Each structure stands twice: as C-alpha cells, then as structure tokens.
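S.K.: What follows is data-v1.cif, mmCIF, N, CA and C atoms.
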```cif
data_upload
loop_
_atom_site.label_atom_id
_atom_site.label_comp_id
_atom_site.auth_asym_id
_atom_site.auth_seq_id
_atom_site.Cartn_x
_atom_site.Cartn_y
_atom_site.Cartn_z
N MET I 1 -33.30 78.95 11.51
CA MET I 1 -34.23 78.24 10.69
C MET I 1 -34.34 78.87 9.31
N GLY I 2 -34.41 80.17 9.21
CA GLY I 2 -34.62 80.87 7.95
C GLY I 2 -33.58 80.57 6.89
N ARG I 3 -32.31 80.63 7.27
CA ARG I 3 -31.24 80.43 6.28
C ARG I 3 -31.26 79.03 5.70
N LYS I 4 -31.39 78.01 6.56
CA LYS I 4 -31.38 76.64 6.08
C LYS I 4 -32.59 76.36 5.21
N ASN I 5 -33.78 76.78 5.63
CA ASN I 5 -34.99 76.56 4.84
C ASN I 5 -34.94 77.31 3.52
N SER I 6 -34.44 78.55 3.52
CA SER I 6 -34.36 79.30 2.28
C SER I 6 -33.36 78.66 1.33
N ARG I 7 -32.30 78.09 1.86
CA ARG I 7 -31.30 77.43 1.02
C ARG I 7 -31.89 76.21 0.34
N SER I 8 -32.61 75.36 1.08
CA SER I 8 -33.18 74.17 0.45
C SER I 8 -34.29 74.56 -0.52
N ALA I 9 -35.06 75.60 -0.22
CA ALA I 9 -36.09 76.06 -1.14
C ALA I 9 -35.45 76.60 -2.42
N LEU I 10 -34.35 77.33 -2.26
CA LEU I 10 -33.65 77.88 -3.42
C LEU I 10 -33.12 76.76 -4.29
N ARG I 11 -32.48 75.79 -3.69
CA ARG I 11 -31.90 74.69 -4.45
C ARG I 11 -32.95 73.87 -5.17
N SER I 12 -34.13 73.75 -4.58
CA SER I 12 -35.13 72.89 -5.18
C SER I 12 -35.98 73.60 -6.23
N SER I 13 -35.82 74.88 -6.38
CA SER I 13 -36.68 75.58 -7.33
C SER I 13 -36.29 75.28 -8.77
N ALA I 14 -37.31 75.22 -9.62
CA ALA I 14 -37.09 74.93 -11.03
C ALA I 14 -36.20 75.99 -11.68
N ALA I 15 -36.37 77.24 -11.30
CA ALA I 15 -35.56 78.32 -11.89
C ALA I 15 -34.08 78.12 -11.56
N VAL I 16 -33.78 77.79 -10.32
CA VAL I 16 -32.38 77.56 -9.94
C VAL I 16 -31.82 76.40 -10.75
N GLU I 17 -32.59 75.34 -10.89
CA GLU I 17 -32.12 74.20 -11.65
C GLU I 17 -31.85 74.57 -13.10
N ASP I 18 -32.74 75.36 -13.69
CA ASP I 18 -32.53 75.80 -15.07
C ASP I 18 -31.27 76.64 -15.20
N TYR I 19 -31.04 77.53 -14.26
CA TYR I 19 -29.82 78.35 -14.28
C TYR I 19 -28.58 77.48 -14.19
N LEU I 20 -28.55 76.60 -13.21
CA LEU I 20 -27.36 75.76 -13.03
C LEU I 20 -27.10 74.88 -14.24
N GLU I 21 -28.17 74.34 -14.79
CA GLU I 21 -28.04 73.49 -15.98
C GLU I 21 -27.45 74.28 -17.15
N ARG I 22 -27.95 75.49 -17.39
CA ARG I 22 -27.45 76.32 -18.49
C ARG I 22 -26.01 76.78 -18.23
N ILE I 23 -25.71 77.15 -17.00
CA ILE I 23 -24.35 77.58 -16.66
C ILE I 23 -23.36 76.45 -16.93
N LEU I 24 -23.69 75.24 -16.50
CA LEU I 24 -22.80 74.10 -16.75
C LEU I 24 -22.65 73.86 -18.25
N GLU I 25 -23.75 73.94 -19.00
CA GLU I 25 -23.67 73.77 -20.46
C GLU I 25 -22.73 74.80 -21.08
N LEU I 26 -22.88 76.05 -20.66
CA LEU I 26 -22.03 77.11 -21.21
C LEU I 26 -20.56 76.89 -20.87
N ILE I 27 -20.30 76.52 -19.64
CA ILE I 27 -18.91 76.26 -19.22
C ILE I 27 -18.32 75.10 -20.02
N ASN I 28 -19.12 74.04 -20.20
CA ASN I 28 -18.64 72.90 -20.97
C ASN I 28 -18.42 73.25 -22.44
N LEU I 29 -19.26 74.12 -22.97
CA LEU I 29 -19.19 74.50 -24.38
C LEU I 29 -18.11 75.55 -24.66
N LYS I 30 -18.09 76.60 -23.83
CA LYS I 30 -17.22 77.75 -24.10
C LYS I 30 -16.03 77.87 -23.15
N GLY I 31 -16.11 77.17 -22.03
CA GLY I 31 -15.06 77.29 -21.03
C GLY I 31 -15.37 78.35 -19.98
N TYR I 32 -16.47 79.06 -20.15
CA TYR I 32 -16.86 80.11 -19.21
C TYR I 32 -18.35 80.39 -19.38
N ALA I 33 -18.91 81.10 -18.40
CA ALA I 33 -20.31 81.54 -18.49
C ALA I 33 -20.37 82.98 -18.03
N ARG I 34 -20.99 83.81 -18.85
CA ARG I 34 -21.18 85.22 -18.51
C ARG I 34 -22.67 85.48 -18.39
N VAL I 35 -23.01 86.54 -17.70
CA VAL I 35 -24.42 86.91 -17.52
C VAL I 35 -25.11 87.04 -18.87
N VAL I 36 -24.47 87.69 -19.82
CA VAL I 36 -25.08 87.89 -21.13
C VAL I 36 -25.36 86.55 -21.81
N ASP I 37 -24.46 85.59 -21.67
CA ASP I 37 -24.65 84.28 -22.29
C ASP I 37 -25.80 83.52 -21.64
N ILE I 38 -25.90 83.61 -20.32
CA ILE I 38 -26.98 82.95 -19.59
C ILE I 38 -28.31 83.57 -19.97
N ALA I 39 -28.35 84.89 -20.05
CA ALA I 39 -29.59 85.60 -20.43
C ALA I 39 -30.04 85.17 -21.82
N THR I 40 -29.12 85.06 -22.74
CA THR I 40 -29.45 84.63 -24.09
C THR I 40 -29.95 83.19 -24.09
N ALA I 41 -29.27 82.32 -23.37
CA ALA I 41 -29.66 80.91 -23.33
C ALA I 41 -31.04 80.71 -22.72
N LEU I 42 -31.35 81.48 -21.68
CA LEU I 42 -32.63 81.33 -20.99
C LEU I 42 -33.71 82.27 -21.53
N LYS I 43 -33.32 83.14 -22.47
CA LYS I 43 -34.26 84.11 -23.08
C LYS I 43 -34.91 85.00 -22.03
N ILE I 44 -34.07 85.55 -21.15
CA ILE I 44 -34.54 86.49 -20.13
C ILE I 44 -33.57 87.66 -20.04
N SER I 45 -33.93 88.67 -19.27
CA SER I 45 -33.11 89.88 -19.20
C SER I 45 -31.82 89.64 -18.42
N GLN I 46 -30.81 90.43 -18.76
CA GLN I 46 -29.55 90.35 -18.03
C GLN I 46 -29.73 90.75 -16.57
N ALA I 47 -30.64 91.68 -16.30
CA ALA I 47 -30.89 92.10 -14.91
C ALA I 47 -31.44 90.93 -14.09
N SER I 48 -32.34 90.16 -14.67
CA SER I 48 -32.88 88.99 -13.97
C SER I 48 -31.79 87.97 -13.70
N VAL I 49 -30.94 87.76 -14.69
CA VAL I 49 -29.83 86.81 -14.52
C VAL I 49 -28.90 87.30 -13.42
N THR I 50 -28.56 88.57 -13.44
CA THR I 50 -27.67 89.13 -12.41
C THR I 50 -28.25 88.91 -11.02
N ASN I 51 -29.54 89.15 -10.85
CA ASN I 51 -30.18 88.94 -9.55
C ASN I 51 -30.07 87.49 -9.11
N MET I 52 -30.36 86.55 -10.01
CA MET I 52 -30.30 85.14 -9.65
C MET I 52 -28.86 84.71 -9.39
N VAL I 53 -27.93 85.17 -10.20
CA VAL I 53 -26.53 84.81 -10.02
C VAL I 53 -26.04 85.29 -8.66
N GLN I 54 -26.45 86.48 -8.26
CA GLN I 54 -26.07 86.99 -6.94
C GLN I 54 -26.65 86.11 -5.83
N ARG I 55 -27.89 85.65 -6.00
CA ARG I 55 -28.50 84.74 -5.01
C ARG I 55 -27.75 83.41 -4.96
N LEU I 56 -27.37 82.88 -6.12
CA LEU I 56 -26.64 81.62 -6.17
C LEU I 56 -25.25 81.77 -5.55
N ASP I 57 -24.67 82.95 -5.69
CA ASP I 57 -23.38 83.24 -5.06
C ASP I 57 -23.53 83.22 -3.54
N VAL I 58 -24.54 83.91 -3.05
CA VAL I 58 -24.79 83.95 -1.60
C VAL I 58 -25.05 82.53 -1.07
N ASP I 59 -25.72 81.71 -1.87
CA ASP I 59 -26.05 80.35 -1.45
C ASP I 59 -24.87 79.39 -1.59
N GLY I 60 -23.75 79.87 -2.13
CA GLY I 60 -22.55 79.04 -2.22
C GLY I 60 -22.51 78.09 -3.40
N LEU I 61 -23.36 78.33 -4.42
CA LEU I 61 -23.39 77.45 -5.57
C LEU I 61 -22.50 77.94 -6.72
N LEU I 62 -22.11 79.21 -6.66
CA LEU I 62 -21.16 79.74 -7.63
C LEU I 62 -20.46 80.95 -7.03
N LYS I 63 -19.40 81.35 -7.71
CA LYS I 63 -18.67 82.57 -7.35
C LYS I 63 -18.85 83.54 -8.50
N TYR I 64 -19.33 84.74 -8.16
CA TYR I 64 -19.62 85.73 -9.19
C TYR I 64 -18.89 87.03 -8.88
N GLU I 65 -18.22 87.55 -9.90
CA GLU I 65 -17.60 88.87 -9.81
C GLU I 65 -18.16 89.71 -10.94
N LYS I 66 -18.74 90.84 -10.58
CA LYS I 66 -19.35 91.72 -11.57
C LYS I 66 -18.34 92.05 -12.67
N TYR I 67 -18.79 91.94 -13.91
CA TYR I 67 -18.01 92.21 -15.11
C TYR I 67 -16.90 91.19 -15.38
N ARG I 68 -16.78 90.17 -14.55
CA ARG I 68 -15.71 89.20 -14.75
C ARG I 68 -16.23 87.80 -15.05
N GLY I 69 -17.49 87.55 -14.78
CA GLY I 69 -18.03 86.22 -15.04
C GLY I 69 -18.21 85.43 -13.76
N LEU I 70 -18.40 84.15 -13.93
CA LEU I 70 -18.67 83.31 -12.77
C LEU I 70 -18.11 81.91 -12.97
N VAL I 71 -17.96 81.23 -11.85
CA VAL I 71 -17.58 79.81 -11.86
C VAL I 71 -18.46 79.09 -10.83
N LEU I 72 -18.76 77.85 -11.13
CA LEU I 72 -19.52 77.04 -10.19
C LEU I 72 -18.61 76.59 -9.06
N THR I 73 -19.14 76.58 -7.85
CA THR I 73 -18.41 75.98 -6.73
C THR I 73 -18.53 74.47 -6.86
N THR I 74 -17.84 73.73 -6.02
CA THR I 74 -17.96 72.27 -6.04
C THR I 74 -19.40 71.85 -5.82
N ALA I 75 -20.06 72.49 -4.85
CA ALA I 75 -21.47 72.17 -4.58
C ALA I 75 -22.35 72.52 -5.78
N GLY I 76 -22.11 73.66 -6.40
CA GLY I 76 -22.89 74.07 -7.56
C GLY I 76 -22.67 73.16 -8.75
N GLU I 77 -21.43 72.76 -8.96
CA GLU I 77 -21.13 71.87 -10.08
C GLU I 77 -21.75 70.49 -9.87
N THR I 78 -21.67 69.99 -8.65
CA THR I 78 -22.28 68.69 -8.34
C THR I 78 -23.79 68.74 -8.58
N LEU I 79 -24.43 69.78 -8.10
CA LEU I 79 -25.87 69.94 -8.30
C LEU I 79 -26.19 70.08 -9.79
N ALA I 80 -25.43 70.87 -10.51
CA ALA I 80 -25.65 71.06 -11.95
C ALA I 80 -25.47 69.76 -12.72
N ARG I 81 -24.46 68.98 -12.36
CA ARG I 81 -24.24 67.70 -13.03
C ARG I 81 -25.39 66.73 -12.76
N ASN I 82 -25.92 66.73 -11.55
CA ASN I 82 -27.06 65.88 -11.23
C ASN I 82 -28.30 66.29 -12.02
N ILE I 83 -28.49 67.58 -12.17
CA ILE I 83 -29.62 68.11 -12.95
C ILE I 83 -29.46 67.70 -14.41
N ALA I 84 -28.26 67.87 -14.96
CA ALA I 84 -28.00 67.51 -16.36
C ALA I 84 -28.18 66.00 -16.57
N ARG I 85 -27.75 65.20 -15.60
CA ARG I 85 -27.91 63.75 -15.70
C ARG I 85 -29.39 63.37 -15.71
N ARG I 86 -30.17 63.98 -14.84
CA ARG I 86 -31.61 63.73 -14.77
C ARG I 86 -32.26 64.10 -16.10
N HIS I 87 -31.90 65.25 -16.64
CA HIS I 87 -32.43 65.71 -17.92
C HIS I 87 -32.11 64.70 -19.02
N GLN I 88 -30.86 64.26 -19.07
CA GLN I 88 -30.43 63.32 -20.11
C GLN I 88 -31.13 61.98 -19.96
N LEU I 89 -31.28 61.50 -18.74
CA LEU I 89 -31.95 60.21 -18.52
C LEU I 89 -33.40 60.26 -19.00
N LEU I 90 -34.11 61.32 -18.65
CA LEU I 90 -35.50 61.47 -19.10
C LEU I 90 -35.58 61.58 -20.63
N THR I 91 -34.65 62.32 -21.22
CA THR I 91 -34.61 62.45 -22.67
C THR I 91 -34.36 61.09 -23.33
N ASP I 92 -33.38 60.36 -22.82
CA ASP I 92 -33.06 59.04 -23.38
C ASP I 92 -34.26 58.10 -23.29
N PHE I 93 -34.94 58.12 -22.15
CA PHE I 93 -36.10 57.25 -21.96
C PHE I 93 -37.20 57.57 -22.98
N LEU I 94 -37.53 58.84 -23.13
CA LEU I 94 -38.59 59.21 -24.05
C LEU I 94 -38.19 58.97 -25.51
N LYS I 95 -36.90 59.11 -25.82
CA LYS I 95 -36.44 58.80 -27.18
C LYS I 95 -36.61 57.33 -27.50
N LEU I 96 -36.40 56.47 -26.50
CA LEU I 96 -36.60 55.04 -26.70
C LEU I 96 -38.04 54.74 -27.13
N LEU I 97 -38.95 55.59 -26.71
CA LEU I 97 -40.36 55.40 -27.03
C LEU I 97 -40.73 56.02 -28.38
N SER I 98 -39.72 56.50 -29.10
CA SER I 98 -39.89 57.07 -30.45
C SER I 98 -40.85 58.26 -30.48
N LEU I 99 -40.77 59.09 -29.47
CA LEU I 99 -41.60 60.29 -29.45
C LEU I 99 -40.93 61.40 -30.26
N ASP I 100 -41.72 62.34 -30.71
CA ASP I 100 -41.23 63.49 -31.46
C ASP I 100 -40.30 64.32 -30.58
N ASP I 101 -39.25 64.85 -31.18
CA ASP I 101 -38.26 65.63 -30.41
C ASP I 101 -38.88 66.83 -29.70
N ARG I 102 -39.84 67.51 -30.35
CA ARG I 102 -40.48 68.65 -29.69
C ARG I 102 -41.28 68.21 -28.48
N VAL I 103 -41.94 67.07 -28.58
CA VAL I 103 -42.70 66.52 -27.45
C VAL I 103 -41.74 66.15 -26.33
N ILE I 104 -40.65 65.52 -26.69
CA ILE I 104 -39.65 65.12 -25.69
C ILE I 104 -39.13 66.35 -24.96
N TYR I 105 -38.74 67.38 -25.71
CA TYR I 105 -38.21 68.59 -25.10
C TYR I 105 -39.22 69.19 -24.12
N HIS I 106 -40.43 69.35 -24.56
CA HIS I 106 -41.49 69.94 -23.73
C HIS I 106 -41.74 69.09 -22.48
N ASP I 107 -41.86 67.79 -22.65
CA ASP I 107 -42.15 66.91 -21.52
C ASP I 107 -40.99 66.87 -20.52
N VAL I 108 -39.77 66.79 -21.03
CA VAL I 108 -38.62 66.74 -20.12
C VAL I 108 -38.51 68.04 -19.34
N GLU I 109 -38.72 69.18 -19.99
CA GLU I 109 -38.66 70.46 -19.28
C GLU I 109 -39.66 70.52 -18.13
N GLY I 110 -40.81 69.90 -18.29
CA GLY I 110 -41.80 69.87 -17.22
C GLY I 110 -41.50 68.81 -16.17
N MET I 111 -41.12 67.63 -16.63
CA MET I 111 -40.91 66.50 -15.72
C MET I 111 -39.67 66.65 -14.84
N GLU I 112 -38.61 67.18 -15.40
CA GLU I 112 -37.32 67.13 -14.72
C GLU I 112 -37.31 67.84 -13.37
N HIS I 113 -38.19 68.78 -13.17
CA HIS I 113 -38.20 69.52 -11.91
C HIS I 113 -39.13 68.90 -10.87
N HIS I 114 -39.92 67.93 -11.27
CA HIS I 114 -40.95 67.42 -10.38
C HIS I 114 -40.87 65.92 -10.14
N ILE I 115 -39.89 65.26 -10.69
CA ILE I 115 -39.81 63.81 -10.58
C ILE I 115 -39.06 63.42 -9.31
N SER I 116 -39.57 62.41 -8.65
CA SER I 116 -38.94 61.97 -7.40
C SER I 116 -37.71 61.11 -7.70
N PRO I 117 -36.78 61.03 -6.77
CA PRO I 117 -35.61 60.16 -6.97
C PRO I 117 -36.01 58.70 -7.21
N ALA I 118 -37.04 58.22 -6.53
CA ALA I 118 -37.47 56.84 -6.71
C ALA I 118 -37.98 56.60 -8.13
N THR I 119 -38.77 57.53 -8.64
CA THR I 119 -39.29 57.40 -10.01
C THR I 119 -38.16 57.49 -11.02
N LEU I 120 -37.22 58.37 -10.78
CA LEU I 120 -36.08 58.51 -11.68
C LEU I 120 -35.26 57.22 -11.72
N ARG I 121 -35.05 56.60 -10.55
CA ARG I 121 -34.32 55.32 -10.51
C ARG I 121 -35.09 54.24 -11.28
N ALA I 122 -36.41 54.23 -11.15
CA ALA I 122 -37.23 53.25 -11.88
C ALA I 122 -37.11 53.47 -13.39
N ILE I 123 -37.13 54.72 -13.82
CA ILE I 123 -36.99 55.03 -15.25
C ILE I 123 -35.60 54.62 -15.74
N GLU I 124 -34.60 54.85 -14.92
CA GLU I 124 -33.24 54.46 -15.28
C GLU I 124 -33.14 52.94 -15.47
N THR I 125 -33.74 52.19 -14.56
CA THR I 125 -33.74 50.73 -14.66
C THR I 125 -34.51 50.27 -15.89
N LEU I 126 -35.68 50.85 -16.11
CA LEU I 126 -36.50 50.50 -17.26
C LEU I 126 -35.78 50.83 -18.57
N THR I 127 -35.12 51.97 -18.62
CA THR I 127 -34.37 52.37 -19.82
C THR I 127 -33.29 51.34 -20.12
N ALA I 128 -32.55 50.94 -19.10
CA ALA I 128 -31.50 49.94 -19.29
C ALA I 128 -32.09 48.62 -19.78
N GLN I 129 -33.21 48.20 -19.22
CA GLN I 129 -33.86 46.96 -19.64
C GLN I 129 -34.34 47.05 -21.09
N LEU I 130 -34.94 48.17 -21.45
CA LEU I 130 -35.43 48.32 -22.82
C LEU I 130 -34.28 48.31 -23.83
N ARG I 131 -33.15 48.87 -23.45
CA ARG I 131 -31.99 48.85 -24.36
C ARG I 131 -31.47 47.43 -24.56
N ARG I 132 -31.60 46.59 -23.54
CA ARG I 132 -31.14 45.21 -23.63
C ARG I 132 -32.15 44.29 -24.33
N ARG I 133 -33.36 44.82 -24.54
CA ARG I 133 -34.42 44.00 -25.13
C ARG I 133 -35.03 44.71 -26.34
N PRO I 134 -34.31 44.73 -27.43
CA PRO I 134 -34.81 45.44 -28.61
C PRO I 134 -36.15 44.89 -29.12
N ALA I 135 -36.39 43.60 -28.96
CA ALA I 135 -37.67 43.04 -29.43
C ALA I 135 -38.84 43.63 -28.64
N LEU I 136 -38.68 43.74 -27.33
CA LEU I 136 -39.72 44.34 -26.49
C LEU I 136 -39.91 45.82 -26.86
N LEU I 137 -38.82 46.51 -27.04
CA LEU I 137 -38.88 47.91 -27.41
C LEU I 137 -39.60 48.08 -28.74
N SER I 138 -39.30 47.23 -29.68
CA SER I 138 -39.96 47.27 -30.98
C SER I 138 -41.45 47.04 -30.85
N ARG I 139 -41.85 46.10 -30.00
CA ARG I 139 -43.29 45.86 -29.77
C ARG I 139 -43.95 47.06 -29.14
N LEU I 140 -43.28 47.69 -28.17
CA LEU I 140 -43.84 48.89 -27.53
C LEU I 140 -44.02 50.00 -28.55
N ASN I 141 -43.04 50.22 -29.38
CA ASN I 141 -43.08 51.29 -30.36
C ASN I 141 -44.07 51.01 -31.48
N GLY I 142 -44.39 49.74 -31.69
CA GLY I 142 -45.36 49.38 -32.72
C GLY I 142 -46.79 49.60 -32.29
N LYS I 143 -47.02 49.75 -30.98
CA LYS I 143 -48.36 49.94 -30.45
C LYS I 143 -48.52 51.35 -29.97
N ARG I 144 -48.75 52.26 -30.88
CA ARG I 144 -48.97 53.67 -30.53
C ARG I 144 -50.36 53.87 -29.97
N ILE I 145 -50.43 54.66 -28.94
CA ILE I 145 -51.72 54.96 -28.31
C ILE I 145 -52.40 56.10 -29.04
#
```
Now that the file is in, can you turn its structure into structure tokens?
M.R.:
Amino acid sequence: MGRKNSRSALRSSAAVEDYLERILELINLKGYARVVDIATALKISQASVTNMVQRLDVDGLLKYEKYRGLVLTTAGETLARNIARRHQLLTDFLKLLSLDDRVIYHDVEGMEHHISPATLRAIETLTAQLRRRPALLSRLNGKRI
C-alpha cells in the first residue's frame, strides 16, 4: 500500500508538477536539464533540487546521474507534457478575457495544480467557442467587472 499511495501523492503534488514542467521547458529550450538550471528556474537551492530529482528518479519519472544531468522517462515526459498543456490552456483562456499578464501568471500558477479534469475540459470547450465567436468575446471584454 505505501509505495503505490506515495507514488500517486508524489505525482499529484504541486511541487512535482512545477519540477516536471520546468525540466521539460529546459530540455525543449536547451536540449538538456541540469540541477543548476532547474534551481535557477525555480529560484530554489541546488540541494533542494537534487533531493527532488532523486525522488523523481526513484518514482520512475526521470533518470538522474550525479554530475551528468537528467532525462525524463516516457512516463515523466507524458506527465510533464500534460502539465504544460494544462498551463497553456489556462493561460490561453485568461488571455481571451484580456486580463493583465501578471494577473494571468499568478492565477494560472495557482489554478493549474487544483483544477479538475472536468473543469479543464469545460474551459477548453469554452475557449474554442470564444475563439469562434469574436463578437461574443468582444462583448465579454467590453463588460469589465
């Protein structure tokens, strides 16, 4: 029971999601991710990153070799891509509402870890509808609360 429950708790934690999202961004940007780069991106200590990276390695989400860097496993990459997609969808939705970029960033960082799949699907559908209906979108944006 312990291993399976700890694995799902680890995967669902906001910190794990932030790590995986940043690691994927770094790999896409630079072709690799190192502890120092992750620490800089997340504004935390290299020791903290090393501890989390070792946990993610044990959980099978990445492969880590000290002093050599890391790569995401298939499971880690799939999870990271889903996290990045969720982040982008929420960002796109809030941008449609003409919100300030700082507000969008702050709200997405909070929402992305706590939104249910059903709500995310509804936002995705609504976003697609709003893009197809510029007149409705214009009316929504004209009525600021």
S.K.: In Å, rounded to a single decimal, give me how far atom CA of I:His113 is from atom N of I:Ala14.
M.R.: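 It comes out at 6.2 Å.
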S.K.: Do you know which residues are at most 6 Å from stretch 91-102 of chain I counting only N, CA and C atoms, after dropping those on the same chain fewer than 4 positions away, and could you put them as a PyMOL selection string?
M.R.: chain I and resi 86-87+106-107+127+141
S.K.: So, with only C-alpha atoms as the atoms that count, which of I:Ser13, I:Leu56, I:Leu90, I:Pro134 lies closest to I:Tyr105?
M.R.: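 Of the candidates, the smallest distance to I:Tyr105 is held by I:Leu90.
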S.K.: My list of candidates is I:Ile123, I:Ala135, I:Ile83, I:Ala128. Which is closest to I:Glu21 when distances are computed with all atoms listed in the file?
M.R.: I:Ile83
S.K.: I'd like to know which of I:Ala47, I:Ala41, I:Val58, I:Leu72 is closest to I:Arg22, using only C-alpha atoms.
M.R.: I:Ala41
S.K.: Evaluate the PyMOL selection byres ((chain I and resi 73) around 5) against this structure - the residues, as a PyMOL selection string, please.
M.R.: chain I and resi 61-63+71-72+74-77
S.K.: Calculate how many Å separate atom C of I:Ile44 from atom N of I:Leu20, rounding to one decimal.
M.R.: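 Between atom C of I:Ile44 and atom N of I:Leu20 the gap works out to 13.9 Å.
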S.K.: Starting from the PyMOL selection byres ((chain I and resi 23) around 8), expand the selection into actual residues of this file and give them as a short mmCIF file (atom, residue, chain, number, x, y, z; two decimals) with N, CA and C atoms, in the frame of the given file.
M.R.:
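That gives us result_20.cif:
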```cif
data_model
loop_
_atom_site.label_atom_id
_atom_site.label_comp_id
_atom_site.auth_asym_id
_atom_site.auth_seq_id
_atom_site.Cartn_x
_atom_site.Cartn_y
_atom_site.Cartn_z
N GLU I 17 -32.59 75.34 -10.89
CA GLU I 17 -32.12 74.20 -11.65
C GLU I 17 -31.85 74.57 -13.10
N ASP I 18 -32.74 75.36 -13.69
CA ASP I 18 -32.53 75.80 -15.07
C ASP I 18 -31.27 76.64 -15.20
N TYR I 19 -31.04 77.53 -14.26
CA TYR I 19 -29.82 78.35 -14.28
C TYR I 19 -28.58 77.48 -14.19
N LEU I 20 -28.55 76.60 -13.21
CA LEU I 20 -27.36 75.76 -13.03
C LEU I 20 -27.10 74.88 -14.24
N GLU I 21 -28.17 74.34 -14.79
CA GLU I 21 -28.04 73.49 -15.98
C GLU I 21 -27.45 74.28 -17.15
N ARG I 22 -27.95 75.49 -17.39
CA ARG I 22 -27.45 76.32 -18.49
C ARG I 22 -26.01 76.78 -18.23
N LEU I 24 -23.69 75.24 -16.50
CA LEU I 24 -22.80 74.10 -16.75
C LEU I 24 -22.65 73.86 -18.25
N GLU I 25 -23.75 73.94 -19.00
CA GLU I 25 -23.67 73.77 -20.46
C GLU I 25 -22.73 74.80 -21.08
N LEU I 26 -22.88 76.05 -20.66
CA LEU I 26 -22.03 77.11 -21.21
C LEU I 26 -20.56 76.89 -20.87
N ILE I 27 -20.30 76.52 -19.64
CA ILE I 27 -18.91 76.26 -19.22
C ILE I 27 -18.32 75.10 -20.02
N ASN I 28 -19.12 74.04 -20.20
CA ASN I 28 -18.64 72.90 -20.97
C ASN I 28 -18.42 73.25 -22.44
N LEU I 29 -19.26 74.12 -22.97
CA LEU I 29 -19.19 74.50 -24.38
C LEU I 29 -18.11 75.55 -24.66
N TYR I 32 -16.47 79.06 -20.15
CA TYR I 32 -16.86 80.11 -19.21
C TYR I 32 -18.35 80.39 -19.38
N ALA I 33 -18.91 81.10 -18.40
CA ALA I 33 -20.31 81.54 -18.49
C ALA I 33 -20.37 82.98 -18.03
N ARG I 34 -20.99 83.81 -18.85
CA ARG I 34 -21.18 85.22 -18.51
C ARG I 34 -22.67 85.48 -18.39
N ASP I 37 -24.46 85.59 -21.67
CA ASP I 37 -24.65 84.28 -22.29
C ASP I 37 -25.80 83.52 -21.64
N ILE I 38 -25.90 83.61 -20.32
CA ILE I 38 -26.98 82.95 -19.59
C ILE I 38 -28.31 83.57 -19.97
N LEU I 72 -18.76 77.85 -11.13
CA LEU I 72 -19.52 77.04 -10.19
C LEU I 72 -18.61 76.59 -9.06
N ALA I 80 -25.43 70.87 -10.51
CA ALA I 80 -25.65 71.06 -11.95
C ALA I 80 -25.47 69.76 -12.72
#
```
S.K.: Could you check how far atom C of I:Leu89 sits from atom N of I:Arg139, in Å to one decimal?
M.R.: 19.8 Å
S.K.: Please return as a PyMOL selection string: the residues of chain I that backbone DSSP assigns to alpha helix (DSSP H).
M.R.: chain I and resi 2-12+14-30+35-42+46-58+74-96+101-111+117-132+134-142
S.K.: Which parts of chain I does DSSP call strand (DSSP E) when run on the backbone here, written out as number ranges by chain?
M.R.: I: 62-65, 69-72
S.K.: Can I get the selected residues back with N, CA and C atoms, as an mmCIF file, in the frame of the given file?
M.R.:
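Saved as again28.cif:
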```cif
data_model
loop_
_atom_site.group_PDB
_atom_site.id
_atom_site.type_symbol
_atom_site.label_atom_id
_atom_site.label_comp_id
_atom_site.auth_asym_id
_atom_site.auth_seq_id
_atom_site.Cartn_x
_atom_site.Cartn_y
_atom_site.Cartn_z
ATOM 1 N N LEU I 62 -22.110 79.210 -6.660
ATOM 2 C CA LEU I 62 -21.160 79.740 -7.630
ATOM 3 C C LEU I 62 -20.460 80.950 -7.030
ATOM 4 N N LYS I 63 -19.400 81.350 -7.710
ATOM 5 C CA LYS I 63 -18.670 82.570 -7.350
ATOM 6 C C LYS I 63 -18.850 83.540 -8.500
ATOM 7 N N TYR I 64 -19.330 84.740 -8.160
ATOM 8 C CA TYR I 64 -19.620 85.730 -9.190
ATOM 9 C C TYR I 64 -18.890 87.030 -8.880
ATOM 10 N N GLU I 65 -18.220 87.550 -9.900
ATOM 11 C CA GLU I 65 -17.600 88.870 -9.810
ATOM 12 C C GLU I 65 -18.160 89.710 -10.940
ATOM 13 N N GLY I 69 -17.490 87.550 -14.780
ATOM 14 C CA GLY I 69 -18.030 86.220 -15.040
ATOM 15 C C GLY I 69 -18.210 85.430 -13.760
ATOM 16 N N LEU I 70 -18.400 84.150 -13.930
ATOM 17 C CA LEU I 70 -18.670 83.310 -12.770
ATOM 18 C C LEU I 70 -18.110 81.910 -12.970
ATOM 19 N N VAL I 71 -17.960 81.230 -11.850
ATOM 20 C CA VAL I 71 -17.580 79.810 -11.860
ATOM 21 C C VAL I 71 -18.460 79.090 -10.830
ATOM 22 N N LEU I 72 -18.760 77.850 -11.130
ATOM 23 C CA LEU I 72 -19.520 77.040 -10.190
ATOM 24 C C LEU I 72 -18.610 76.590 -9.060
#
```
S.K.: Show which residues sit within 12 Å of I:Gln54, as a count of residues only. Count only C-alpha atoms, and ignore same-chain residues fewer than 3 positions away.
M.R.: 20
